[in-house]
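**Q** Structure below; questions to follow.
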Amino acid sequence: MTLRDSRGEPVSTSDPSLITALEAAHEELLHYRGDPVGMIETVLEDHPDFVMGHVFKAAVLTQAMETRIYDCMLDAVRSAEALWSAANERERGHIRAIRQWVDGDFYSAVEAWDAVLVEHPRDLLALQLAHLSDVLLGDTVNQRDRVARVLHAWDESVPGYNFVLGFHSFGLEECGDYGRAEEAGRRAVAMDPADSYSIHAVAHVLEMMGRQEGGIWWLTSRGEDWHHGNFANHLWWHLSLYHVDLCQYDRVFEIFDKHLQSDGLSHDKYEELDAAALLWRLKMLDIDVNGRWTRLADKWAPAAEDTLYAFNDVHAMMTFAADARGDLMAKVLDANERYVHSQGDSNVAMTREVGLPFCRAIAAFAKGDYDEAVDLLHPIRYRTAKLGGSHAQRDVIHLTLIEAALRCGRHKLARALISERTELKPTSPQNWLLAARAFAGCQDDHRAAAANAKAQSLLLSGRAAREVA
Ligand SMILES: [Fe+2]
């Protein structure tokens, strides 16, 4: 028997309470809070033939990108596949997508979810998974356009519309359409203040536009809406980026120590990823972080040979390099070299084209061979989207390239790359401080002084604005 969910999509069940329970778990997932997988597992204990229950569990687990949850994900997929004959076409589309994902063909998985969306544009689970997969795969155009293709079926009368606006906001931001991105994101948050993904999308806009004071205000003024959710680590990281740009390092360390180095492993790697990304930025600024790398390296150590997601591996590599863990660095490199020669899944291309060159560049940087780091990073400079994640996250690659160029005396290259940055984000004090170093390296003392003055002016105007506020 088929019933309809709150958005009118068909669900194979004769029990309306199962749809209610499924939607409750999905609400938690969309809000990045609670334990959506645990909630659906409780439902499945009493209703093992609930197709969408198994689909939901397996689909959520696909996004974890960690070997330690792989068996659990596989069990859920097999349970869903065993119910194939009882599933409707929409549910079969999900099962196809998840199977493709488990088999390592992420691109086909996304296409399978997209096929579901053509027939069922209000399938919010399919949209969410396809969108998050687009982020994971670095498909910036579809982060915007896959969402746009379903907008015809949505308006404020459809439950969950704010989440659709949030996905679209993020896609617009990644495509550089900051004005429309901000409008969509702010509208979503106005509809649902606890929509942390939409809060996050606006935070990205403010980061990319160099509106640091606005970003700090945006996140801190609505802290109660995201502090306790599963997305909090990442939003703390975003908050710390504004402070890094403003050279407010005491605040950065305060955020790191309170929110980015918990005792256990995070369930989704966000904390470890963001902690590594933040400390590496501080390393590029030559700021002493005391023993923080050591604790983080211990957390990354079990994942040294995962080779499941290149994005994770480069962050593991940063951590091992910064903490001088030569044995673990060798493990990451050996595992990735074996992996790209023996496997053919979607992550291989990400690893071969961006992940592995960046890992090698990190190793070169760590041993002081900055020339080699530049030679490894410069050719991949404009292909980094293939690593997945956001512009803000991948900026760590560009910062590493620039710092390596400055340290090995390739000042003209550094000057060119930094000129690009100051053009894209002229309100960033850190960009002008970098520019000052590059001009000084080029013996252009006049422009070096002007760039330094620009940085100081931006820092002082921000301080003045805070004092007025
Ligand atoms: Fe982000």
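Ligands are numbered from 1 in the order shown, residues from 1 within each chain, and chains are lettered A, B, ... in the order they appear in the structure tokens.
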Kindly assemble as JSON lines a list of the chain A residues that lie within 8 Å of ligand 1, each paired with its nearest atom pair and their distance in Å to one decimal, using only C-alpha atoms and all ligand atoms, sorted first by chain and then by ascending residue number.

**A**
{"residue": "A:His200", "atom": "CA", "partner": "ligand 1", "partner_atom_place_in_ligand_line": "1 (Fe)", "distance": 6.2}
{"residue": "A:Ala201", "atom": "CA", "partner": "ligand 1", "partner_atom_place_in_ligand_line": "1 (Fe)", "distance": 7.3}
{"residue": "A:Ala203", "atom": "CA", "partner": "ligand 1", "partner_atom_place_in_ligand_line": "1 (Fe)", "distance": 7.7}
{"residue": "A:His204", "atom": "CA", "partner": "ligand 1", "partner_atom_place_in_ligand_line": "1 (Fe)", "distance": 6.2}
{"residue": "A:His234", "atom": "CA", "partner": "ligand 1", "partner_atom_place_in_ligand_line": "1 (Fe)", "distance": 6.4}
{"residue": "A:Leu235", "atom": "CA", "partner": "ligand 1", "partner_atom_place_in_ligand_line": "1 (Fe)", "distance": 7.1}
{"residue": "A:His238", "atom": "CA", "partner": "ligand 1", "partner_atom_place_in_ligand_line": "1 (Fe)", "distance": 6.6}
{"residue": "A:Gly389", "atom": "CA", "partner": "ligand 1", "partner_atom_place_in_ligand_line": "1 (Fe)", "distance": 7.8}
{"residue": "A:Ser390", "atom": "CA", "partner": "ligand 1", "partner_atom_place_in_ligand_line": "1 (Fe)", "distance": 6.4}
{"residue": "A:Ala392", "atom": "CA", "partner": "ligand 1", "partner_atom_place_in_ligand_line": "1 (Fe)", "distance": 6.9}
{"residue": "A:Gln393", "atom": "CA", "partner": "ligand 1", "partner_atom_place_in_ligand_line": "1 (Fe)", "distance": 7.0}

**Q** Excluding region 335-341 of chain A and residues on its chain fewer than 5 positions from it, collect all residues at most 10 Å away from it, counting only C-alpha atoms, and give them as number ranges by chain.

**A** A: 304-308, 310, 313, 329-330, 347-352, 355-356, 359

**Q** Which residue gives the smallest distance to Asp35 (chain A) among A:Asn230, A:His446, A:Glu91, A:Asp139, with only C-alpha atoms counted?

**A**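 The closest residue to Asp35 (chain A) is A:Asn230.
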
**Q** Enter the distance from CA of Ala321 (chain A) to CA of Ala440 (chain A), in Å, rounded to one decimal.

**A**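 Those two atoms sit 28.8 Å apart.
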
**Q** Taking into account only C-alpha atoms, which residue in the set A:Thr13, A:Leu459, A:Asp274, A:Cys408 is nearest to Gln248 (chain A)?

**A**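 When distances to Gln248 (chain A) are compared using only C-alpha atoms, the smallest one comes from A:Leu459.
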
**Q** Using DSSP on the backbone coordinates, identify the residues of region 182-408 of chain A assigned to helix (DSSP H, G or I); present them as a count of residues only.

**A** 171

**Q** Quick one: residues within 9 Å of Asn142 (chain A), only C-alpha atoms counted, chain neighbours fewer than 5 positions away excluded, as number ranges by chain?

**A** A: 131, 134-135, 147-148, 171

**Q** Any idea what's packed within 12 Å of region 29-34 of chain A, counting only C-alpha atoms, ignoring anything in its chain fewer than 3 positions away? Could you give it as a PyMOL selection string?

**A** chain A and resi 22-26+37-40+56-57+59-61+63+124-125+127-129+132+160-164+166-167+189+192-200+225-235+268

**Q** Atoms to include: N, CA and C atoms. Write the selected residues as a compact mmCIF listing (two decimals), in the first residue's frame.

**A**
# COMPACT_ATOMS: atom_id res chain seq x y z
N LEU A 22 9.37 8.82 10.24
CA LEU A 22 10.42 9.09 9.23
C LEU A 22 10.66 10.59 9.08
N GLU A 23 9.57 11.33 9.02
CA GLU A 23 9.71 12.77 8.83
C GLU A 23 10.32 13.43 10.07
N ALA A 24 10.05 12.86 11.24
CA ALA A 24 10.66 13.40 12.46
C ALA A 24 12.18 13.20 12.42
N ALA A 25 12.60 12.02 11.98
CA ALA A 25 14.05 11.75 11.88
C ALA A 25 14.68 12.66 10.82
N HIS A 26 13.97 12.84 9.71
CA HIS A 26 14.50 13.70 8.65
C HIS A 26 14.59 15.15 9.09
N VAL A 37 19.80 8.74 12.68
CA VAL A 37 19.98 7.31 12.40
C VAL A 37 19.43 6.47 13.56
N GLY A 38 19.73 6.90 14.77
CA GLY A 38 19.21 6.19 15.94
C GLY A 38 17.69 6.20 15.97
N MET A 39 17.10 7.33 15.60
CA MET A 39 15.63 7.43 15.58
C MET A 39 15.03 6.43 14.59
N ILE A 40 15.61 6.33 13.41
CA ILE A 40 15.03 5.44 12.41
C ILE A 40 15.32 3.98 12.76
N PHE A 56 16.46 5.61 4.25
CA PHE A 56 16.90 6.80 4.99
C PHE A 56 18.20 6.52 5.74
N LYS A 57 18.21 5.40 6.45
CA LYS A 57 19.40 5.07 7.24
C LYS A 57 20.63 4.94 6.34
N ALA A 59 21.09 6.05 3.29
CA ALA A 59 21.40 7.31 2.59
C ALA A 59 22.15 8.27 3.51
N VAL A 60 21.73 8.36 4.75
CA VAL A 60 22.41 9.25 5.70
C VAL A 60 23.84 8.79 5.92
N LEU A 61 24.02 7.48 6.02
CA LEU A 61 25.36 6.96 6.29
C LEU A 61 26.31 7.15 5.12
N GLN A 63 26.93 9.74 3.65
CA GLN A 63 27.58 11.05 3.74
C GLN A 63 28.71 11.11 4.76
N LEU A 124 12.51 15.78 -0.63
CA LEU A 124 13.53 16.58 0.06
C LEU A 124 14.74 15.74 0.44
N LEU A 125 14.54 14.45 0.69
CA LEU A 125 15.68 13.58 1.03
C LEU A 125 16.59 13.43 -0.19
N LEU A 127 16.87 15.47 -2.67
CA LEU A 127 17.50 16.76 -2.94
C LEU A 127 18.65 17.01 -1.97
N GLN A 128 18.41 16.71 -0.70
CA GLN A 128 19.45 16.94 0.29
C GLN A 128 20.69 16.09 0.00
N LEU A 129 20.46 14.81 -0.31
CA LEU A 129 21.59 13.91 -0.54
C LEU A 129 22.34 14.28 -1.82
N LEU A 132 24.29 17.55 -0.98
CA LEU A 132 25.48 17.31 -0.14
C LEU A 132 26.55 16.55 -0.93
N GLY A 160 9.28 22.48 4.71
CA GLY A 160 10.70 22.30 4.44
C GLY A 160 11.26 23.23 3.38
N TYR A 161 10.47 24.19 2.93
CA TYR A 161 10.91 25.09 1.86
C TYR A 161 12.19 25.84 2.24
N ASN A 162 12.31 26.17 3.52
CA ASN A 162 13.49 26.92 3.94
C ASN A 162 14.78 26.14 3.67
N PHE A 163 14.70 24.80 3.81
CA PHE A 163 15.92 24.02 3.57
C PHE A 163 16.31 24.07 2.09
N VAL A 164 15.29 24.07 1.23
CA VAL A 164 15.56 24.18 -0.21
C VAL A 164 16.23 25.53 -0.52
N GLY A 166 17.98 27.19 1.54
CA GLY A 166 19.34 27.12 2.11
C GLY A 166 20.31 26.42 1.17
N PHE A 167 19.86 25.30 0.58
CA PHE A 167 20.73 24.60 -0.39
C PHE A 167 21.03 25.53 -1.56
N VAL A 189 16.48 31.56 6.91
CA VAL A 189 16.67 31.67 8.36
C VAL A 189 15.50 32.41 9.00
N ASP A 192 12.91 29.78 9.42
CA ASP A 192 13.25 28.78 10.45
C ASP A 192 14.60 29.16 11.05
N PRO A 193 14.60 29.87 12.18
CA PRO A 193 15.86 30.33 12.78
C PRO A 193 16.82 29.19 13.17
N ALA A 194 16.29 27.99 13.31
CA ALA A 194 17.15 26.86 13.70
C ALA A 194 17.72 26.12 12.49
N ASP A 195 17.54 26.68 11.30
CA ASP A 195 18.06 26.06 10.07
C ASP A 195 19.55 26.39 9.95
N SER A 196 20.37 25.55 10.56
CA SER A 196 21.80 25.88 10.65
C SER A 196 22.50 25.80 9.30
N TYR A 197 21.97 25.02 8.37
CA TYR A 197 22.60 24.98 7.04
C TYR A 197 22.44 26.34 6.33
N SER A 198 21.29 26.95 6.50
CA SER A 198 21.08 28.26 5.89
C SER A 198 21.88 29.34 6.61
N ILE A 199 21.99 29.23 7.94
CA ILE A 199 22.88 30.14 8.69
C ILE A 199 24.29 30.03 8.11
N HIS A 200 24.68 28.80 7.87
CA HIS A 200 26.00 28.50 7.33
C HIS A 200 26.19 29.09 5.93
N ASP A 225 20.87 29.35 18.28
CA ASP A 225 20.22 28.54 17.25
C ASP A 225 21.14 27.46 16.67
N TRP A 226 22.46 27.56 16.90
CA TRP A 226 23.34 26.54 16.31
C TRP A 226 24.37 25.94 17.27
N HIS A 227 24.54 26.53 18.43
CA HIS A 227 25.59 26.07 19.34
C HIS A 227 25.46 24.60 19.73
N HIS A 228 24.25 24.11 19.79
CA HIS A 228 24.05 22.76 20.33
C HIS A 228 23.81 21.71 19.26
N GLY A 229 23.91 22.08 18.00
CA GLY A 229 23.63 21.14 16.93
C GLY A 229 24.87 20.40 16.44
N ASN A 230 24.64 19.48 15.48
CA ASN A 230 25.73 18.67 14.93
C ASN A 230 26.58 19.44 13.92
N PHE A 231 26.18 20.67 13.62
CA PHE A 231 26.92 21.49 12.67
C PHE A 231 27.75 22.55 13.39
N ALA A 232 27.72 22.50 14.71
CA ALA A 232 28.34 23.58 15.49
C ALA A 232 29.83 23.70 15.25
N ASN A 233 30.53 22.55 15.18
CA ASN A 233 31.99 22.62 14.97
C ASN A 233 32.32 23.45 13.74
N HIS A 234 31.59 23.16 12.69
CA HIS A 234 31.90 23.83 11.42
C HIS A 234 31.57 25.32 11.48
N LEU A 235 30.51 25.65 12.19
CA LEU A 235 30.17 27.06 12.31
C LEU A 235 31.15 27.80 13.23
N ASP A 268 31.38 12.69 12.54
CA ASP A 268 31.34 13.01 11.11
C ASP A 268 32.63 13.62 10.59

**Q** Using only C-alpha atoms, find the one residue out of A:Arg96, A:Pro429, A:Tyr370, A:Val202 that sits nearest to Val244 (chain A).

**A**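 Counting only C-alpha atoms, the residue closest to Val244 (chain A) is A:Pro429.
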
**Q** Pick out the closest residue to Gly176 (chain A) from this set: A:Arg144, A:Arg281, A:His152, A:Arg99. Count only C-alpha atoms.

**A** A:Arg144

**Q** Just the residues within 10 Å of Cys175 (chain A), please, counting only C-alpha atoms, with nothing from its chain fewer than 2 positions along; format it as an MDAnalysis selection string.

**A** chainID A and resid 140:145 169:173 177:178 181 391

**Q** How about saving the chosen residues, N, CA and C atoms kept, as a short mmCIF file (atom, residue, chain, number, x, y, z; two decimals), in the first residue's frame?

**A**
data_model
loop_
_atom_site.label_atom_id
_atom_site.label_comp_id
_atom_site.auth_asym_id
_atom_site.auth_seq_id
_atom_site.Cartn_x
_atom_site.Cartn_y
_atom_site.Cartn_z
N THR A 140 30.30 22.65 -8.23
CA THR A 140 29.72 23.92 -7.79
C THR A 140 28.49 24.31 -8.62
N VAL A 141 28.53 24.04 -9.90
CA VAL A 141 27.40 24.44 -10.75
C VAL A 141 26.13 23.71 -10.32
N ASN A 142 26.23 22.44 -10.05
CA ASN A 142 25.04 21.71 -9.62
C ASN A 142 24.65 21.98 -8.17
N GLN A 143 25.60 22.49 -7.38
CA GLN A 143 25.19 22.92 -6.03
C GLN A 143 24.12 24.00 -6.17
N ARG A 144 24.22 24.77 -7.23
CA ARG A 144 23.21 25.80 -7.50
C ARG A 144 22.07 25.24 -8.37
N ASP A 145 22.42 24.61 -9.48
CA ASP A 145 21.41 24.32 -10.50
C ASP A 145 20.56 23.08 -10.23
N SER A 169 20.92 28.78 -1.63
CA SER A 169 21.78 29.86 -1.17
C SER A 169 23.25 29.45 -1.22
N PHE A 170 23.53 28.26 -0.72
CA PHE A 170 24.92 27.80 -0.71
C PHE A 170 25.44 27.64 -2.14
N GLY A 171 24.62 27.07 -3.02
CA GLY A 171 25.03 26.90 -4.41
C GLY A 171 25.27 28.24 -5.10
N LEU A 172 24.40 29.20 -4.84
CA LEU A 172 24.59 30.54 -5.41
C LEU A 172 25.90 31.15 -4.91
N GLU A 173 26.14 30.97 -3.62
CA GLU A 173 27.38 31.53 -3.04
C GLU A 173 28.61 30.89 -3.68
N ASP A 177 27.46 34.23 -6.82
CA ASP A 177 26.29 35.12 -6.90
C ASP A 177 25.89 35.52 -5.47
N TYR A 178 26.73 36.37 -4.87
CA TYR A 178 26.62 36.60 -3.43
C TYR A 178 25.33 37.32 -3.02
N ALA A 181 22.51 34.87 -3.12
CA ALA A 181 22.79 33.85 -2.10
C ALA A 181 22.41 34.37 -0.72
N HIS A 391 34.78 26.75 -1.37
CA HIS A 391 35.88 27.68 -1.68
C HIS A 391 36.63 28.04 -0.40
#
